[in-house]
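Peer 1: Next comes data-v1.cif, mmCIF, C-alpha atoms:
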data_my_file
loop_
_atom_site.label_atom_id
_atom_site.label_comp_id
_atom_site.auth_asym_id
_atom_site.auth_seq_id
_atom_site.Cartn_x
_atom_site.Cartn_y
_atom_site.Cartn_z
CA MET A 1 87.89 20.19 19.14
CA ARG A 2 86.44 23.61 19.43
CA THR A 3 84.20 23.11 16.47
CA GLY A 4 82.94 19.85 17.95
CA ARG A 5 82.01 21.55 21.17
CA PHE A 6 80.26 24.23 19.23
CA ARG A 7 78.29 21.70 17.30
CA ARG A 8 77.15 19.93 20.42
CA GLU A 9 76.20 23.15 22.08
CA GLN A 10 74.23 24.28 19.05
CA ARG A 11 72.31 21.02 18.85
CA GLY A 12 71.53 21.05 22.49
CA GLN A 13 70.27 24.56 22.28
CA VAL A 14 67.75 23.78 19.55
CA LEU A 15 66.56 20.70 21.41
CA VAL A 16 66.05 22.71 24.55
CA ILE A 17 64.09 25.35 22.69
CA VAL A 18 61.94 22.71 21.03
CA ALA A 19 61.37 20.90 24.30
CA VAL A 20 60.36 24.08 26.10
CA MET A 21 58.05 25.08 23.27
CA ILE A 22 56.43 21.66 23.11
CA VAL A 23 55.78 21.73 26.83
CA ALA A 24 54.27 25.18 26.51
CA LEU A 25 52.19 24.15 23.50
CA LEU A 26 50.95 21.01 25.20
CA GLY A 27 50.12 23.06 28.24
CA PHE A 28 47.98 25.41 26.21
CA THR A 29 46.37 22.51 24.38
CA GLY A 30 45.48 21.04 27.72
CA LEU A 31 44.08 24.34 28.91
CA VAL A 32 41.90 24.61 25.80
CA THR A 33 40.67 21.06 26.18
CA ASP A 34 39.83 21.36 29.84
CA VAL A 35 38.09 24.70 29.49
CA ALA A 36 36.06 23.51 26.51
CA TRP A 37 35.03 20.31 28.25
CA TYR A 38 34.07 22.36 31.28
CA GLU A 39 31.94 24.62 29.10
CA VAL A 40 30.15 21.66 27.47
CA ASN A 41 29.34 20.29 30.90
CA LEU A 42 28.17 23.67 32.15
CA MET A 43 25.62 23.59 29.33
CA ARG A 44 24.49 20.11 30.31
CA ILE A 45 24.13 21.16 33.94
CA GLN A 46 22.19 24.25 32.91
CA ARG A 47 19.91 22.06 30.83
CA ALA A 48 19.21 19.78 33.78
CA ALA A 49 18.58 22.79 36.04
CA ASP A 50 16.17 24.31 33.50
CA ALA A 51 14.25 21.07 33.15
CA ALA A 52 14.11 20.67 36.93
CA ALA A 53 12.82 24.20 37.53
CA LEU A 54 10.15 23.89 34.84
CA ALA A 55 8.99 20.51 36.09
CA GLY A 56 8.80 21.57 39.72
CA VAL A 57 7.37 25.07 39.49
CA VAL A 58 3.84 23.97 38.59
CA TYR A 59 3.40 22.60 42.12
CA LEU A 60 3.93 26.03 43.67
CA PRO A 61 2.83 27.88 45.72
CA THR A 62 0.98 25.29 47.79
CA ASN A 63 2.87 22.01 47.34
CA VAL A 64 6.52 22.83 48.05
CA ALA A 65 7.51 19.22 48.74
CA GLY A 66 5.94 18.12 45.47
CA ALA A 67 7.83 20.85 43.63
CA GLN A 68 11.16 19.77 45.13
CA ASN A 69 10.44 16.14 44.42
CA ALA A 70 9.55 16.80 40.78
CA ALA A 71 12.59 19.05 40.32
CA LEU A 72 15.05 16.53 41.73
CA GLN A 73 13.49 13.77 39.68
CA GLU A 74 13.77 15.72 36.43
CA SER A 75 17.36 16.68 37.13
CA SER A 76 18.13 13.03 37.75
CA LYS A 77 16.55 12.08 34.43
CA ASN A 78 19.00 14.47 32.78
CA GLY A 79 21.96 12.75 34.39
CA PHE A 80 22.44 14.83 37.54
CA ALA A 81 21.00 12.88 40.45
CA ASN A 82 21.19 14.54 43.84
CA GLY A 83 23.72 12.79 46.09
CA GLN A 84 25.28 10.67 43.35
CA ASN A 85 28.78 11.21 41.95
CA GLY A 86 29.22 14.32 44.03
CA VAL A 87 26.19 16.03 42.50
CA THR A 88 24.08 18.34 44.64
CA VAL A 89 20.67 19.53 43.49
CA THR A 90 18.66 21.97 45.56
CA ALA A 91 15.19 23.29 44.79
CA ALA A 92 13.45 25.91 46.88
CA PRO A 93 10.86 28.64 46.39
CA GLU A 94 12.14 32.20 46.45
CA GLY A 95 11.84 34.01 49.74
CA LEU A 96 10.14 37.07 48.32
CA ASN A 97 7.91 35.39 45.74
CA ASN A 98 6.75 31.88 46.49
CA LEU A 99 5.67 31.38 42.88
CA ILE A 100 9.30 31.28 41.75
CA LEU A 101 11.23 28.02 42.07
CA GLY A 102 15.00 28.35 42.18
CA VAL A 103 17.05 25.28 41.31
CA THR A 104 20.79 24.96 41.79
CA VAL A 105 22.76 22.06 40.35
CA THR A 106 26.34 21.62 41.52
CA ALA A 107 28.42 18.89 39.92
CA PRO A 108 32.09 18.03 39.51
CA VAL A 109 33.50 18.09 35.97
CA ARG A 110 36.50 15.84 35.37
CA SER A 111 39.68 17.33 33.98
CA TRP A 112 41.86 15.82 31.26
CA PHE A 113 45.16 17.63 31.32
CA ALA A 114 44.98 19.49 34.60
CA ARG A 115 45.41 16.15 36.38
CA LEU A 116 49.07 16.38 35.43
CA PHE A 117 49.15 19.12 38.04
CA GLY A 118 47.07 17.15 40.50
CA VAL A 119 43.71 18.78 39.72
CA THR A 120 41.34 15.95 38.87
CA GLN A 121 38.06 17.87 38.74
CA PHE A 122 36.53 21.31 38.64
CA ASN A 123 33.30 22.22 40.37
CA ALA A 124 30.50 23.53 38.21
CA ARG A 125 27.35 25.18 39.46
CA ARG A 126 24.38 26.47 37.52
CA ASN A 127 21.11 28.09 38.59
CA ALA A 128 17.70 28.12 36.99
CA LYS A 129 14.53 29.92 37.99
CA ALA A 130 10.99 29.39 36.81
CA GLU A 131 7.87 31.29 37.76
CA PHE A 132 4.35 29.96 37.84
CA VAL A 133 1.93 32.69 36.82
CA LEU A 134 -1.53 32.37 38.34
CA PRO A 135 -4.69 33.86 36.79
CA VAL A 136 -4.41 37.61 36.41
CA PRO A 137 -6.53 39.89 38.61
CA MET A 138 -8.64 42.13 36.37
CA GLY A 139 -9.75 45.07 38.41
CA SER A 140 -12.83 43.56 39.99
CA PRO A 141 -12.87 43.69 43.77
CA GLN A 142 -11.49 40.60 45.48
CA ASN A 143 -12.21 38.39 42.52
CA TYR A 144 -10.32 36.83 39.69
CA TYR A 145 -11.86 36.72 36.29
CA GLY A 146 -12.95 33.15 35.77
CA ILE A 147 -14.65 30.41 37.71
CA ASN A 148 -16.82 31.32 40.68
CA VAL A 149 -19.85 30.06 42.51
CA ILE A 150 -23.31 30.64 41.08
CA CYS A 151 -25.48 32.11 43.81
CA ARG A 152 -29.04 33.14 43.92
CA ASN A 153 -29.81 36.58 45.29
CA SER A 154 -30.83 35.14 48.62
CA ASP A 155 -27.62 33.14 49.07
CA VAL A 156 -24.53 34.33 50.88
CA PRO A 157 -21.34 33.13 49.20
CA PRO A 158 -19.76 30.68 49.49
CA ASN A 159 -22.82 28.83 50.78
CA CYS A 160 -24.49 28.50 47.44
CA PRO A 161 -26.62 25.42 46.73
CA LEU A 162 -26.98 23.70 43.38
CA VAL A 163 -29.23 25.71 41.11
CA ALA A 164 -32.11 24.08 39.30
CA SER A 165 -31.67 24.25 35.57
CA ALA A 166 -34.15 26.15 33.49
CA ASP A 167 -35.85 23.11 31.97
CA GLY A 168 -36.18 21.45 35.35
CA SER A 169 -34.32 18.32 34.29
CA GLY A 170 -31.55 18.59 36.84
CA ASP A 171 -29.28 20.86 38.80
CA LEU A 172 -26.56 23.08 37.49
CA SER A 173 -23.21 22.77 39.14
CA ALA A 174 -22.60 25.26 41.90
CA LEU A 175 -19.49 26.26 40.04
CA GLY A 176 -19.96 28.48 37.03
CA PHE A 177 -18.36 31.28 35.13
CA PHE A 178 -17.99 34.53 37.00
CA GLY A 179 -17.37 37.92 35.53
CA GLY A 180 -16.45 40.67 37.92
CA VAL A 181 -17.96 43.90 36.60
CA GLU A 182 -16.61 47.31 37.46
CA ALA A 183 -19.51 49.66 37.96
CA ARG A 184 -20.20 53.06 39.36
CA GLY A 185 -19.53 53.02 43.04
CA THR A 186 -17.67 49.74 43.05
CA ASP A 187 -14.92 49.19 45.54
CA ARG A 188 -11.64 48.62 43.81
CA GLN A 189 -8.94 46.59 45.43
CA ASN A 190 -6.96 44.97 42.66
CA GLY A 191 -7.26 47.45 39.86
CA ASP A 192 -7.12 51.17 39.48
CA ALA A 193 -5.63 53.06 42.37
CA TYR A 194 -8.27 55.76 42.02
CA SER A 195 -11.52 54.33 43.23
CA THR A 196 -14.80 55.20 41.65
CA TYR A 197 -17.00 56.57 44.36
CA TYR A 198 -20.66 55.77 45.02
CA ASN A 199 -22.53 59.04 45.20
CA GLY A 200 -25.86 57.65 46.34
CA ASN A 201 -27.45 57.46 42.90
CA PRO A 202 -28.99 55.20 41.93
CA ALA A 203 -30.24 54.02 45.29
CA LEU A 204 -29.17 50.51 46.30
CA ASN A 205 -31.62 47.83 45.22
CA ALA A 206 -32.10 45.70 48.28
CA GLY A 207 -33.30 42.68 46.30
CA PHE A 208 -30.63 42.67 43.62
CA ASP A 209 -27.55 44.05 45.25
CA ALA A 210 -25.79 41.74 47.65
CA PRO A 211 -26.40 42.65 51.28
CA SER A 212 -22.73 42.11 52.15
CA THR A 213 -21.65 44.94 49.89
CA PRO A 214 -19.69 47.64 51.68
CA ALA A 215 -21.38 50.96 52.01
CA SER A 216 -19.04 52.59 49.55
CA GLY A 217 -20.23 50.53 46.61
CA TYR A 218 -22.38 47.74 45.26
CA THR A 219 -21.82 44.71 43.10
CA THR A 220 -23.82 43.19 40.33
CA ARG A 221 -23.83 39.46 39.71
CA CYS A 222 -24.71 37.99 36.39
CA SER A 223 -25.13 34.26 36.13
CA ALA A 224 -25.59 32.60 32.79
CA ARG A 225 -27.65 29.44 32.52
CA PRO A 226 -28.19 27.21 29.52
CA GLU A 227 -31.41 27.65 27.63
CA ALA A 228 -34.19 25.13 28.10
CA THR A 229 -34.00 23.89 24.52
CA PRO A 230 -30.85 24.05 22.42
CA ARG A 231 -31.02 26.82 19.88
CA THR A 232 -30.56 25.99 16.24
CA ASP A 233 -28.19 28.41 14.67
CA VAL A 234 -29.04 29.64 11.21
CA VAL A 235 -26.00 29.59 9.02
CA MET B 1 85.37 29.54 11.79
CA ILE B 2 82.68 31.87 10.73
CA ARG B 3 81.66 29.54 7.93
CA PHE B 4 81.41 26.72 10.40
CA PHE B 5 79.30 28.78 12.63
CA GLN B 6 76.94 29.64 9.84
CA SER B 7 76.57 26.09 8.65
CA GLU B 8 75.98 24.92 12.21
CA ASP B 9 73.28 27.51 12.64
CA ALA B 10 71.63 26.46 9.42
CA GLN B 11 71.77 22.84 10.44
CA GLY B 12 69.97 23.66 13.61
CA LEU B 13 67.34 25.54 11.68
CA VAL B 14 66.91 22.67 9.27
CA GLU B 15 66.44 20.25 12.13
CA PHE B 16 63.99 22.66 13.65
CA ALA B 17 62.15 22.94 10.37
CA LEU B 18 62.00 19.16 9.91
CA VAL B 19 61.03 18.12 13.40
CA LEU B 20 58.59 20.77 14.42
CA PRO B 21 56.03 21.07 11.61
CA PRO B 22 54.59 17.56 11.92
CA VAL B 23 54.30 17.93 15.66
CA LEU B 24 52.85 21.41 15.35
CA LEU B 25 50.47 20.38 12.60
CA ILE B 26 49.18 17.45 14.59
CA LEU B 27 48.69 19.74 17.55
CA VAL B 28 46.91 22.40 15.54
CA PHE B 29 44.75 19.93 13.63
CA GLY B 30 43.92 18.22 16.88
CA LEU B 31 42.84 21.51 18.38
CA VAL B 32 40.71 22.39 15.37
CA GLU B 33 39.11 18.96 15.44
CA LEU B 34 38.52 19.09 19.15
CA GLY B 35 37.03 22.55 18.91
CA THR B 36 34.66 21.45 16.20
CA VAL B 37 33.59 18.35 18.11
CA LEU B 38 32.85 20.40 21.22
CA SER B 39 31.03 23.02 19.17
CA VAL B 40 28.85 20.30 17.66
CA ALA B 41 28.29 18.84 21.13
CA MET B 42 27.08 22.22 22.39
CA THR B 43 24.80 22.73 19.41
CA MET B 44 23.30 19.28 19.94
CA SER B 45 22.84 20.03 23.61
CA SER B 46 20.94 23.24 22.82
CA ALA B 47 18.92 21.57 20.09
CA THR B 48 17.67 18.75 22.30
CA ARG B 49 16.92 21.20 25.08
CA GLU B 50 14.87 23.31 22.70
CA GLY B 51 12.96 20.30 21.42
CA ALA B 52 12.27 19.04 24.93
CA ARG B 53 11.03 22.46 26.00
CA VAL B 54 8.58 22.64 23.10
CA ALA B 55 7.38 19.10 23.77
CA SER B 56 6.86 19.91 27.45
CA ALA B 57 5.02 23.14 26.69
CA LEU B 58 2.71 21.71 24.03
CA VAL B 59 1.84 18.49 25.93
CA ASN B 60 -1.06 17.04 23.89
CA GLY B 61 -1.63 20.19 21.87
CA GLY B 62 -4.44 21.47 24.09
CA GLY B 63 -8.01 20.32 24.60
CA ALA B 64 -9.19 17.33 26.58
CA LEU B 65 -6.59 14.61 27.07
CA GLY B 66 -7.30 11.47 25.08
CA CYS B 67 -7.19 10.04 21.60
CA SER B 68 -10.93 9.67 20.95
CA ALA B 69 -12.83 11.90 18.57
CA GLY B 70 -13.10 15.45 19.85
CA GLN B 71 -10.16 15.10 22.24
CA SER B 72 -6.68 16.59 21.70
CA PRO B 73 -7.71 18.34 18.46
CA ASN B 74 -4.19 19.64 17.75
CA ALA B 75 -2.22 16.53 18.66
CA ALA B 76 -1.00 16.04 15.09
CA SER B 77 0.87 19.37 15.16
CA VAL B 78 2.83 18.66 18.36
CA ASP B 79 5.65 16.48 17.06
CA PRO B 80 6.29 18.51 13.89
CA ASN B 81 6.68 21.59 16.12
CA VAL B 82 9.18 19.74 18.30
CA ILE B 83 11.20 18.67 15.26
CA ALA B 84 11.03 22.21 13.88
CA ALA B 85 12.45 23.58 17.14
CA VAL B 86 15.32 21.09 17.04
CA GLU B 87 16.06 21.78 13.40
CA ARG B 88 16.03 25.54 13.88
CA VAL B 89 18.84 25.27 16.41
CA LEU B 90 20.80 22.78 14.32
CA VAL B 91 20.86 24.99 11.23
CA GLY B 92 21.12 28.28 13.13
CA THR B 93 23.86 30.84 12.57
CA GLY B 94 27.36 29.57 13.16
CA THR B 95 26.63 25.91 13.82
CA ARG B 96 29.07 23.32 12.53
CA VAL B 97 26.42 20.64 12.18
CA ALA B 98 25.88 19.20 8.71
CA LEU B 99 22.19 18.38 8.78
CA ALA B 100 22.62 15.50 6.33
CA ASP B 101 24.81 13.71 8.88
CA LEU B 102 22.15 14.03 11.53
CA THR B 103 20.50 10.75 10.82
CA GLN B 104 17.77 10.70 13.40
CA ILE B 105 15.71 12.68 15.88
CA ARG B 106 13.73 10.67 18.41
CA ILE B 107 10.88 11.83 20.65
CA ALA B 108 10.23 9.28 23.35
CA LYS B 109 8.48 8.88 26.65
CA ALA B 110 11.13 8.96 29.38
CA THR B 111 11.48 6.34 32.05
CA LEU B 112 12.15 7.31 35.67
CA ALA B 113 15.85 7.00 34.91
CA GLY B 114 15.55 9.35 31.94
CA ALA B 115 16.00 6.65 29.30
CA GLU B 116 13.67 5.99 26.38
CA THR B 117 10.71 3.73 27.12
CA ALA B 118 10.74 0.73 24.81
CA GLY B 119 7.81 0.79 22.42
CA GLN B 120 7.18 4.52 23.02
CA ILE B 121 9.80 5.98 20.69
CA ASN B 122 8.83 8.27 17.82
CA THR B 123 11.48 8.27 15.11
CA TRP B 124 12.09 11.01 12.56
CA ASN B 125 14.62 10.37 9.80
CA TYR B 126 16.53 12.85 7.66
CA GLN B 127 15.17 13.51 4.21
CA LEU B 128 15.89 16.83 2.57
CA ASN B 129 12.68 18.86 2.17
CA GLY B 130 10.67 15.73 2.81
CA GLY B 131 8.91 16.62 6.04
CA PRO B 132 5.77 18.50 6.99
CA VAL B 133 5.57 22.29 6.82
CA VAL B 134 5.77 24.17 10.13
CA ASP B 135 5.47 27.97 10.17
CA GLY B 136 6.02 28.08 6.43
CA GLN B 137 9.25 26.12 6.68
CA GLN B 138 9.46 22.63 5.27
CA LEU B 139 11.18 20.25 7.65
CA ASP B 140 14.02 17.99 6.58
CA PHE B 141 12.86 15.09 8.73
CA VAL B 142 10.10 12.64 7.95
CA PRO B 143 8.17 10.63 10.55
CA ALA B 144 8.95 6.91 10.60
CA SER B 145 7.43 4.86 13.40
CA GLN B 146 5.25 6.95 15.75
CA PRO B 147 4.00 4.81 18.63
CA TRP B 148 3.95 7.56 21.30
CA GLN B 149 0.91 9.53 20.20
CA ALA B 150 0.86 13.17 21.29
CA CYS B 151 -2.79 12.78 22.32
CA SER B 152 -1.75 10.40 25.11
CA ARG B 153 0.76 12.76 26.77
CA ASP B 154 -0.42 13.40 30.29
CA ASN B 155 0.60 16.43 32.31
CA GLY B 156 -1.20 15.25 35.43
CA SER B 157 0.70 14.38 38.56
CA PRO B 158 3.17 12.78 38.05
CA ALA B 159 3.59 14.27 34.60
CA ASP B 160 4.95 12.32 31.63
CA SER B 161 8.43 13.30 30.57
CA ALA B 162 9.61 13.58 26.99
CA VAL B 163 13.18 12.67 26.05
CA ILE B 164 14.49 14.17 22.83
CA THR B 165 17.48 12.29 21.43
CA ILE B 166 19.55 13.16 18.39
CA THR B 167 22.20 11.03 16.74
CA TYR B 168 24.93 12.66 14.71
CA THR B 169 27.70 11.20 12.60
CA TYR B 170 30.74 13.41 13.04
CA ARG B 171 33.17 13.45 10.13
CA GLY B 172 36.71 14.73 10.57
CA ARG B 173 37.50 17.92 8.70
CA THR B 174 41.28 18.02 9.04
CA PRO B 175 43.96 15.68 7.58
CA LEU B 176 44.19 14.23 11.06
CA ARG B 177 41.46 11.81 10.10
CA MET B 178 44.00 9.96 7.94
CA LEU B 179 46.32 9.50 10.91
CA VAL B 180 43.84 8.85 13.68
CA PRO B 181 41.00 6.56 12.60
CA MET B 182 38.82 7.85 15.42
CA PHE B 183 38.66 11.28 13.87
CA ASN B 184 37.56 9.96 10.51
CA GLN B 185 34.00 9.35 11.58
CA PHE B 186 32.24 8.63 14.82
CA THR B 187 28.78 8.84 16.25
CA MET B 188 27.73 11.44 18.79
CA THR B 189 24.45 11.34 20.62
CA ASP B 190 22.76 13.63 23.10
CA HIS B 191 19.42 13.87 24.82
CA THR B 192 17.37 16.12 27.10
CA VAL B 193 14.46 15.17 29.33
CA MET B 194 11.69 17.55 30.34
CA ALA B 195 8.39 16.97 32.11
CA MET B 196 5.07 17.89 30.55
CA ASN B 197 4.06 21.25 32.00
CA ALA B 198 0.75 21.37 33.82
CA ASN B 199 -1.66 24.10 32.87
CA ARG B 200 -3.78 24.64 35.91
#
Turn this file's structure into structure tokens for me.
Peer 2:
Amino acid sequence: MRTGRFRREQRGQVLVIVAVMIVALLGFTGLVTDVAWYEVNLMRIQRAADAAALAGVVYLPTNVAGAQNAALQESSKNGFANGQNGVTVTAAPEGLNNLILGVTVTAPVRSWFARLFGVTQFNARRNAKAEFVLPVPMGSPQNYYGINVICRNSDVPPNCPLVASADGSGDLSALGFFGGVEARGTDRQNGDAYSTYYNGNPALNAGFDAPSTPASGYTTRCSARPEATPRTDVV
Amino acid sequence: MIRFFQSEDAQGLVEFALVLPPVLLILVFGLVELGTVLSVAMTMSSATREGARVASALVNGGGALGCSAGQSPNAASVDPNVIAAVERVLVGTGTRVALADLTQIRIAKATLAGAETAGQINTWNYQLNGGPVVDGQQLDFVPASQPWQACSRDNGSPADSAVITITYTYRGRTPLRMLVPMFNQFTMTDHTVMAMNANR
């Protein structure tokens, strides 16, 4: 009688231990699964956010609506469409730098084991930022290195007419290549903080130097035109 | 009495030893398998993202858009660079991807819904050391059908989008694959879409 009771008690004890352990083990398995699945989805959301930011940023700084449109579209192509399945996608330029597009994708990630405790989904949110870098200012006053208008000496930019080509067969486009040249006495606004200073020598050339030049400096314009006849290069 | 006690104790231990290991092993193998699957999923996710980024940055390889003579002079190098980017991630440090089981990489023009456009899908198949050389590294993928020419990729508004898709055959690596047929072998696929970047 006593031994029988002992036996039953012993068996029960082992079963209880096993049951408790299994529950604990399953719980941890569930935790691992849910966390890992969450992580995988975080990566997918990040991917969509990255793609959205890169697609939209090229419309900045002028076309904000176009940037948002492109960003939302690209996020949708990656499976996270704004307003569907609880997904929210926002795209907006940064307040301090309107060349940077910030994209936030918020989406629910379903749970597998946590639903045993009534939690059916976790919220995931990822950000991405992309910056659109415009041409770089290169030290010439108020100009970027690159395309500008070809003007004759008598013209006042930007009212520059088409320029007759050298061989007289037509007009050159008013747009050409512009090189801003830093010279003695030039005003600097984008480059060096220490301005070169015009000391009066040489004297301003009224015909060559632009009349709109500030008194503290002068500018020199160089416009390149194609030669009348193509040159044959000797190799 | 004491002998009884001891034998009872032992019996309990024996039961414990018989019942628990299979359960534990299945649990542990399941965890290992699951971890590996998710690791592969993450690697694939990164790989397609990398490929899509390269495709979106290279567009038509530079130069005037078009497939005529003198246009898109570097178009032929675009797709190999995309494949190289994908492969670099797949074989990077710590990945659990067996490249031989990665049967296919596809570069396709994306539809508005992000799917592949029929008839615009470039297919690259696995072949060890069979592909073109990119940055001194010979690729393990060879081009099959290539209908979406790089020279036709437009980054105007709205820009074309490239979808990079990879298909992987996952093979179970624990004895669990004998118990659960699903873990023996199954196909995983992943893709990323990115728009061609404008260069203004």
Peer 1: Considering only C-alpha atoms, can you say which of A:Leu134, A:Asn127, A:Val87, A:Gly102 comes closest to chain B?
Peer 2: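 Among the listed residues, the smallest separation from chain B belongs to A:Leu134.
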Peer 1: Around (6.2, 8.6, 27.8) in the file's own coordinates, what residues are found within 12 Å if you use only C-alpha atoms, given back as a VMD selection string?
Peer 2: chain B and resid 55 to 56 59 to 60 107 to 112 114 to 122 147 to 155 158 to 164 193 to 196
Peer 1: Please write as a PyMOL selection string the full residue list that the PyMOL selection byres ((chain A) within 6 of (chain B)) yields on this file.
Peer 2: chain A and resi 40+51+55+77-78
Peer 1: How far is it from atom CA of Ala84 of chain B to atom CA of Phe186 of chain B, in Å with one decimal?
Peer 2: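 Atom-to-atom, atom CA of Ala84 of chain B to atom CA of Phe186 of chain B, that is 25.2 Å.
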Peer 1: Enumerate, as an MDAnalysis selection string, the residues matched when the PyMOL selection byres ((chain A and resi 112) around 10) is run on the file above.
Peer 2: chainID A and resid 30:31 33:35 37 109:111 113:116 119:121
Peer 1: Those residues you just picked out, can you put them in a file as a short mmCIF file (atom, residue, chain, number, x, y, z; two decimals), in the frame of the given file with C-alpha atoms?
Peer 2:
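To be explicit, this is the file written out as selection_38.cif:
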data_model
loop_
_atom_site.label_atom_id
_atom_site.label_comp_id
_atom_site.auth_asym_id
_atom_site.auth_seq_id
_atom_site.Cartn_x
_atom_site.Cartn_y
_atom_site.Cartn_z
CA GLY A 30 45.48 21.04 27.72
CA LEU A 31 44.08 24.34 28.91
CA THR A 33 40.67 21.06 26.18
CA ASP A 34 39.83 21.36 29.84
CA VAL A 35 38.09 24.70 29.49
CA TRP A 37 35.03 20.31 28.25
CA VAL A 109 33.50 18.09 35.97
CA ARG A 110 36.50 15.84 35.37
CA SER A 111 39.68 17.33 33.98
CA PHE A 113 45.16 17.63 31.32
CA ALA A 114 44.98 19.49 34.60
CA ARG A 115 45.41 16.15 36.38
CA LEU A 116 49.07 16.38 35.43
CA VAL A 119 43.71 18.78 39.72
CA THR A 120 41.34 15.95 38.87
CA GLN A 121 38.06 17.87 38.74
#
Peer 1: In Å, rounded to a single decimal, give me how far atom CA of Leu26 of chain A is from atom CA of Arg96 of chain B.
Peer 2: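 Going from atom CA of Arg96 of chain B over to atom CA of Leu26 of chain A, I get 25.4 Å.
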Peer 1: Quote the spacing between atom CA of Pro143 of chain B and atom CA of Thr123 of chain B in Å to one decimal place.
Peer 2: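 If I compute the distance from atom CA of Pro143 of chain B to atom CA of Thr123 of chain B, I get 6.1 Å.
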Peer 1: Exactly which residues make up the result of the PyMOL selection byres ((chain B and resi 101) around 9) on this file, given as a tab-separated table (two decimals) with C-alpha atoms, keeping the file's coordinate frame?
Peer 2:
chain	number	residue	atom	x	y	z
B	97	VAL	CA	26.42	20.64	12.18
B	98	ALA	CA	25.88	19.20	8.71
B	99	LEU	CA	22.19	18.38	8.78
B	100	ALA	CA	22.62	15.50	6.33
B	102	LEU	CA	22.15	14.03	11.53
B	103	THR	CA	20.50	10.75	10.82
B	104	GLN	CA	17.77	10.70	13.40
B	126	TYR	CA	16.53	12.85	7.66
B	167	THR	CA	22.20	11.03	16.74
B	168	TYR	CA	24.93	12.66	14.71
B	169	THR	CA	27.70	11.20	12.60
B	170	TYR	CA	30.74	13.41	13.04
B	171	ARG	CA	33.17	13.45	10.13
